[in-house]
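*Asks:* Below is a structure I'd like to ask you about.
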Amino acid sequence: MGPFDRTDRHRWQAASLLAAAPVAALAAADAQTGQDAPAASATPQQRVEELHRRVLAGRSATAALEAWCAEHGLADKGRVRAVRVQGVQRDAPDDVRRALQVDDGTPLRYRRVQLACGPRVLSEADNWYVPALLTPAMNSLLDGSDEPFGRVVAPLGFKRQTLRDQTYWPARGDGAGATVLEVRALLRDSAQRPFSYVIESYLQGALPH
């Protein structure tokens, strides 16, 4: 093969690579579009599973729902507030006291709230907690305000321990208030002391349309 033949061959290879570059770019774009498409067109059941993963991985239910609300544009402001359900009082079942490691003589407080973002109610929660393990300021704020529990007790450096979790699809119930996910969790402070037992019901109203 002569020197001119070798040069011609190199030019042909370079031209082939240049011609292939737009095709490769289009293929990469198509692949990216294909990756994004499922998120944009997720089914309600896929949304439930996504919410499930986010809640279990979240530092707190409040933080997880605020990120969820903002990401999916469920309200103008992605801030979660707790709407207290007044006039409801429930004694702690035996399994709750066992999980909290307290006997029948230890005072517990009960709080039922709806966590809402804008006009949407995202979840409902039953919460039994040990007031002696909270500061007086925290107890006062929980008694007299609608602040979410997780936001109030954040200075305790708590961690969530999931005890039980279950998704429901079709949803359990009817309408926006139907349950799509239930989580039972224990909150432990930085000294690993359990101080709160929550039963959280995440509602169909949390799913983006």
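Chains: A, B, ... in order of the structure tokens. Residues: from 1 per chain. Ligands: from 1, in order shown.
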Please return, as a ChimeraX atom specification, all residues of chain A that DSSP assigns to strand (DSSP E or B) on the basis of the backbone.
*Replies:* /A:80-84,109-117,120-129,159-172,179-188,194-203
*Asks:* Write down as a ChimeraX atom specification the residues belonging to range 109-175 of chain A that are assigned alpha helix (DSSP H) by DSSP computed on the backbone.
*Replies:* /A:136-144,149-152
*Asks:* Please tabulate, as a Markdown table, the residues of range 90-121 of chain A that come within 12 Å of range 62-84 of chain A, each with its closest pair of atoms and the distance in Å to one decimal, counting only C-alpha atoms and ordering rows by chain, then residue number upward.
*Replies:*
```
| residue | atom | partner | partner_atom | distance |
| --- | --- | --- | --- | --- |
| A:Tyr110 | CA | A:Arg84 | CA | 11.0 |
| A:Arg111 | CA | A:Arg84 | CA | 7.5 |
| A:Arg112 | CA | A:Arg84 | CA | 6.0 |
| A:Val113 | CA | A:Arg84 | CA | 4.3 |
| A:Gln114 | CA | A:Val83 | CA | 5.0 |
| A:Leu115 | CA | A:Ala82 | CA | 4.6 |
| A:Ala116 | CA | A:Arg81 | CA | 5.5 |
| A:Cys117 | CA | A:Val80 | CA | 4.8 |
| A:Gly118 | CA | A:Ala75 | CA | 5.0 |
| A:Pro119 | CA | A:Ala75 | CA | 7.4 |
| A:Arg120 | CA | A:Leu74 | CA | 7.6 |
| A:Val121 | CA | A:Val83 | CA | 9.1 |
```
*Asks:* My list of candidates is A:Asp189, A:Glu182, A:Asp91, A:Asp103. Which is closest to Tyr168 in chain A when distances are computed with only C-alpha atoms?
*Replies:*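 Going through A:Asp189, A:Glu182, A:Asp91, A:Asp103 one by one, the smallest distance to Tyr168 in chain A is for A:Glu182.
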*Asks:* Got a sec: who's within 10 Å of Pro44 in chain A, counting only C-alpha atoms, leaving out chain neighbours fewer than 2 positions off, as a PyMOL selection string?
*Replies:* chain A and resi 41-42+46-50+169-171+180+204+207-209
*Asks:* Selected residues, all heavy atoms, written as a tab-separated table (two decimals), in the first residue's frame, please.
*Replies:*
```
chain	number	residue	atom	x	y	z
A	41	SER	N	-44.45	10.28	33.23
A	41	SER	CA	-45.71	9.58	32.99
A	41	SER	C	-45.91	8.43	33.98
A	41	SER	O	-46.47	7.40	33.62
A	41	SER	CB	-45.73	9.04	31.55
A	41	SER	OG	-44.64	8.15	31.35
A	42	ALA	N	-45.42	8.60	35.19
A	42	ALA	CA	-45.52	7.54	36.20
A	42	ALA	C	-46.97	7.26	36.52
A	42	ALA	O	-47.81	8.16	36.56
A	42	ALA	CB	-44.77	7.95	37.46
A	46	GLN	N	-46.84	3.69	40.78
A	46	GLN	CA	-45.42	4.04	40.82
A	46	GLN	C	-45.18	5.24	41.72
A	46	GLN	O	-44.15	5.32	42.41
A	46	GLN	CB	-44.92	4.31	39.40
A	46	GLN	CG	-44.82	3.06	38.55
A	46	GLN	CD	-44.52	3.36	37.09
A	46	GLN	OE1	-44.95	4.40	36.55
A	46	GLN	NE2	-43.80	2.47	36.42
A	47	ARG	N	-46.11	6.19	41.72
A	47	ARG	CA	-45.99	7.35	42.61
A	47	ARG	C	-46.05	6.91	44.07
A	47	ARG	O	-45.33	7.43	44.93
A	47	ARG	CB	-47.11	8.35	42.32
A	47	ARG	CG	-47.00	9.06	40.99
A	47	ARG	CD	-45.76	9.93	40.91
A	47	ARG	NE	-45.84	10.84	39.79
A	47	ARG	CZ	-44.80	11.51	39.30
A	47	ARG	NH1	-43.61	11.34	39.85
A	47	ARG	NH2	-44.94	12.33	38.29
A	48	VAL	N	-46.93	5.96	44.36
A	48	VAL	CA	-47.04	5.45	45.73
A	48	VAL	C	-45.72	4.82	46.16
A	48	VAL	O	-45.23	5.06	47.27
A	48	VAL	CB	-48.20	4.44	45.84
A	48	VAL	CG1	-48.18	3.75	47.20
A	48	VAL	CG2	-49.54	5.13	45.62
A	49	GLU	N	-45.13	4.02	45.28
A	49	GLU	CA	-43.86	3.38	45.62
A	49	GLU	C	-42.76	4.41	45.79
A	49	GLU	O	-41.88	4.27	46.65
A	49	GLU	CB	-43.49	2.36	44.54
A	49	GLU	CG	-44.42	1.16	44.46
A	49	GLU	CD	-44.45	0.35	45.74
A	49	GLU	OE1	-43.48	0.42	46.53
A	49	GLU	OE2	-45.45	-0.34	45.99
A	50	GLU	N	-42.79	5.46	44.96
A	50	GLU	CA	-41.81	6.53	45.08
A	50	GLU	C	-41.95	7.24	46.42
A	50	GLU	O	-40.98	7.50	47.13
A	50	GLU	CB	-41.97	7.53	43.93
A	50	GLU	CG	-40.97	8.68	43.97
A	50	GLU	CD	-41.28	9.77	42.96
A	50	GLU	OE1	-42.26	9.62	42.20
A	50	GLU	OE2	-40.56	10.77	42.94
A	169	TRP	N	-52.49	-0.11	47.01
A	169	TRP	CA	-53.00	0.31	45.71
A	169	TRP	C	-53.72	-0.86	45.08
A	169	TRP	O	-53.12	-1.92	44.91
A	169	TRP	CB	-51.88	0.81	44.79
A	169	TRP	CG	-52.51	1.56	43.65
A	169	TRP	CD1	-52.78	1.10	42.38
A	169	TRP	CD2	-53.02	2.89	43.70
A	169	TRP	NE1	-53.42	2.06	41.64
A	169	TRP	CE2	-53.57	3.18	42.44
A	169	TRP	CE3	-53.07	3.87	44.70
A	169	TRP	CZ2	-54.17	4.39	42.14
A	169	TRP	CZ3	-53.67	5.08	44.41
A	169	TRP	CH2	-54.20	5.34	43.13
A	170	PRO	N	-55.02	-0.70	44.81
A	170	PRO	CA	-55.82	0.51	44.98
A	170	PRO	C	-55.81	1.02	46.42
A	170	PRO	O	-55.59	0.26	47.36
A	170	PRO	CB	-57.23	0.08	44.57
A	170	PRO	CG	-57.03	-1.15	43.72
A	170	PRO	CD	-55.84	-1.83	44.29
A	171	ALA	N	-56.04	2.32	46.53
A	171	ALA	CA	-55.99	2.97	47.84
A	171	ALA	C	-57.05	2.39	48.77
A	171	ALA	O	-58.10	1.92	48.32
A	171	ALA	CB	-56.20	4.48	47.69
A	180	VAL	N	-52.80	5.46	51.01
A	180	VAL	CA	-51.96	4.76	50.04
A	180	VAL	C	-50.71	4.16	50.69
A	180	VAL	O	-50.05	3.32	50.09
A	180	VAL	CB	-51.56	5.69	48.87
A	180	VAL	CG1	-52.79	6.15	48.10
A	180	VAL	CG2	-50.75	6.89	49.36
A	204	GLN	N	-54.13	9.70	49.50
A	204	GLN	CA	-54.14	9.84	48.04
A	204	GLN	C	-53.96	11.29	47.62
A	204	GLN	O	-53.48	11.57	46.52
A	204	GLN	CB	-55.44	9.26	47.48
A	204	GLN	CG	-55.43	9.01	46.00
A	204	GLN	CD	-56.51	8.05	45.56
A	204	GLN	OE1	-56.26	7.08	44.88
A	204	GLN	NE2	-57.75	8.31	45.95
A	207	LEU	N	-50.59	12.43	46.15
A	207	LEU	CA	-50.13	12.04	44.82
A	207	LEU	C	-50.36	13.19	43.84
A	207	LEU	O	-51.46	13.74	43.76
A	207	LEU	CB	-50.87	10.80	44.33
A	207	LEU	CG	-50.77	9.56	45.23
A	207	LEU	CD1	-51.51	8.40	44.58
A	207	LEU	CD2	-49.33	9.19	45.52
A	208	PRO	N	-49.33	13.55	43.06
A	208	PRO	CA	-49.54	14.60	42.05
A	208	PRO	C	-50.48	14.11	40.97
A	208	PRO	O	-50.51	12.92	40.63
A	208	PRO	CB	-48.12	14.83	41.50
A	208	PRO	CG	-47.36	13.59	41.82
A	208	PRO	CD	-47.96	13.03	43.08
A	209	HIS	N	-51.27	15.02	40.42
A	209	HIS	CA	-52.22	14.65	39.36
A	209	HIS	C	-51.46	14.49	38.06
A	209	HIS	O	-50.54	15.23	37.77
A	209	HIS	CB	-53.29	15.73	39.22
A	209	HIS	CG	-54.16	15.85	40.43
A	209	HIS	ND1	-54.84	14.78	40.97
A	209	HIS	CD2	-54.45	16.92	41.22
A	209	HIS	CE1	-55.52	15.19	42.04
A	209	HIS	NE2	-55.29	16.48	42.20
```
*Asks:* Considering only C-alpha atoms, return as a PyMOL selection string whatever protein or nucleic-acid residues lie within 12 Å of Leu142 in chain A, sequence-local ones (same chain, fewer than 3 positions apart) excluded.
*Replies:* chain A and resi 82-84+109-113+127+129+131+134-139+145-153
*Asks:* Pick out the closest residue to Ala61 in chain A from this set: A:Gln101, A:Ser140, A:Ser196, A:Ser123. Count only C-alpha atoms.
*Replies:* A:Ser123
*Asks:* Which residue out of A:Val85, A:Leu51, A:Leu203, A:Ala99 has the minimum interatomic distance to Trp128 in chain A when only C-alpha atoms are used?
*Replies:*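 Nearest candidate to Trp128 in chain A out of A:Val85, A:Leu51, A:Leu203, A:Ala99: A:Ala99.
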*Asks:* At what distance in Å, to one decimal, does CA of Val55 in chain A lie from CA of Ala185 in chain A?
*Replies:*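 A separation of 10.8 Å between them.
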*Asks:* How many Å separate CA of Leu141 in chain A from CA of Glu124 in chain A?
*Replies:*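 Between CA of Leu141 in chain A and CA of Glu124 in chain A the gap is 19.3 Å.
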*Asks:* Point out the residue among A:Gln192, A:Ser201, A:Thr43, A:Gln166 with the least atom-to-atom distance to Leu122 in chain A, counting only C-alpha atoms.
*Replies:*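 Residue with the minimum atom-to-atom distance to Leu122 in chain A: A:Ser201.
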*Asks:* From the list A:Gln45, A:Leu108, A:Phe158, A:Val102, which residue is nearest Arg90 in chain A when using only C-alpha atoms?
*Replies:*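 Closest residue, counting only C-alpha atoms: A:Leu108.
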*Asks:* Report, in Å with one decimal, the straight-line distance from CA of His52 in chain A to CA of Val96 in chain A.
*Replies:* 22.6 Å
*Asks:* Determine the nearest neighbour of Lys159 in chain A from the options A:Leu186, A:Ala206, A:Ala176, A:Val198, counting only C-alpha atoms.
*Replies:*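 Residue with the minimum atom-to-atom distance to Lys159 in chain A: A:Leu186.
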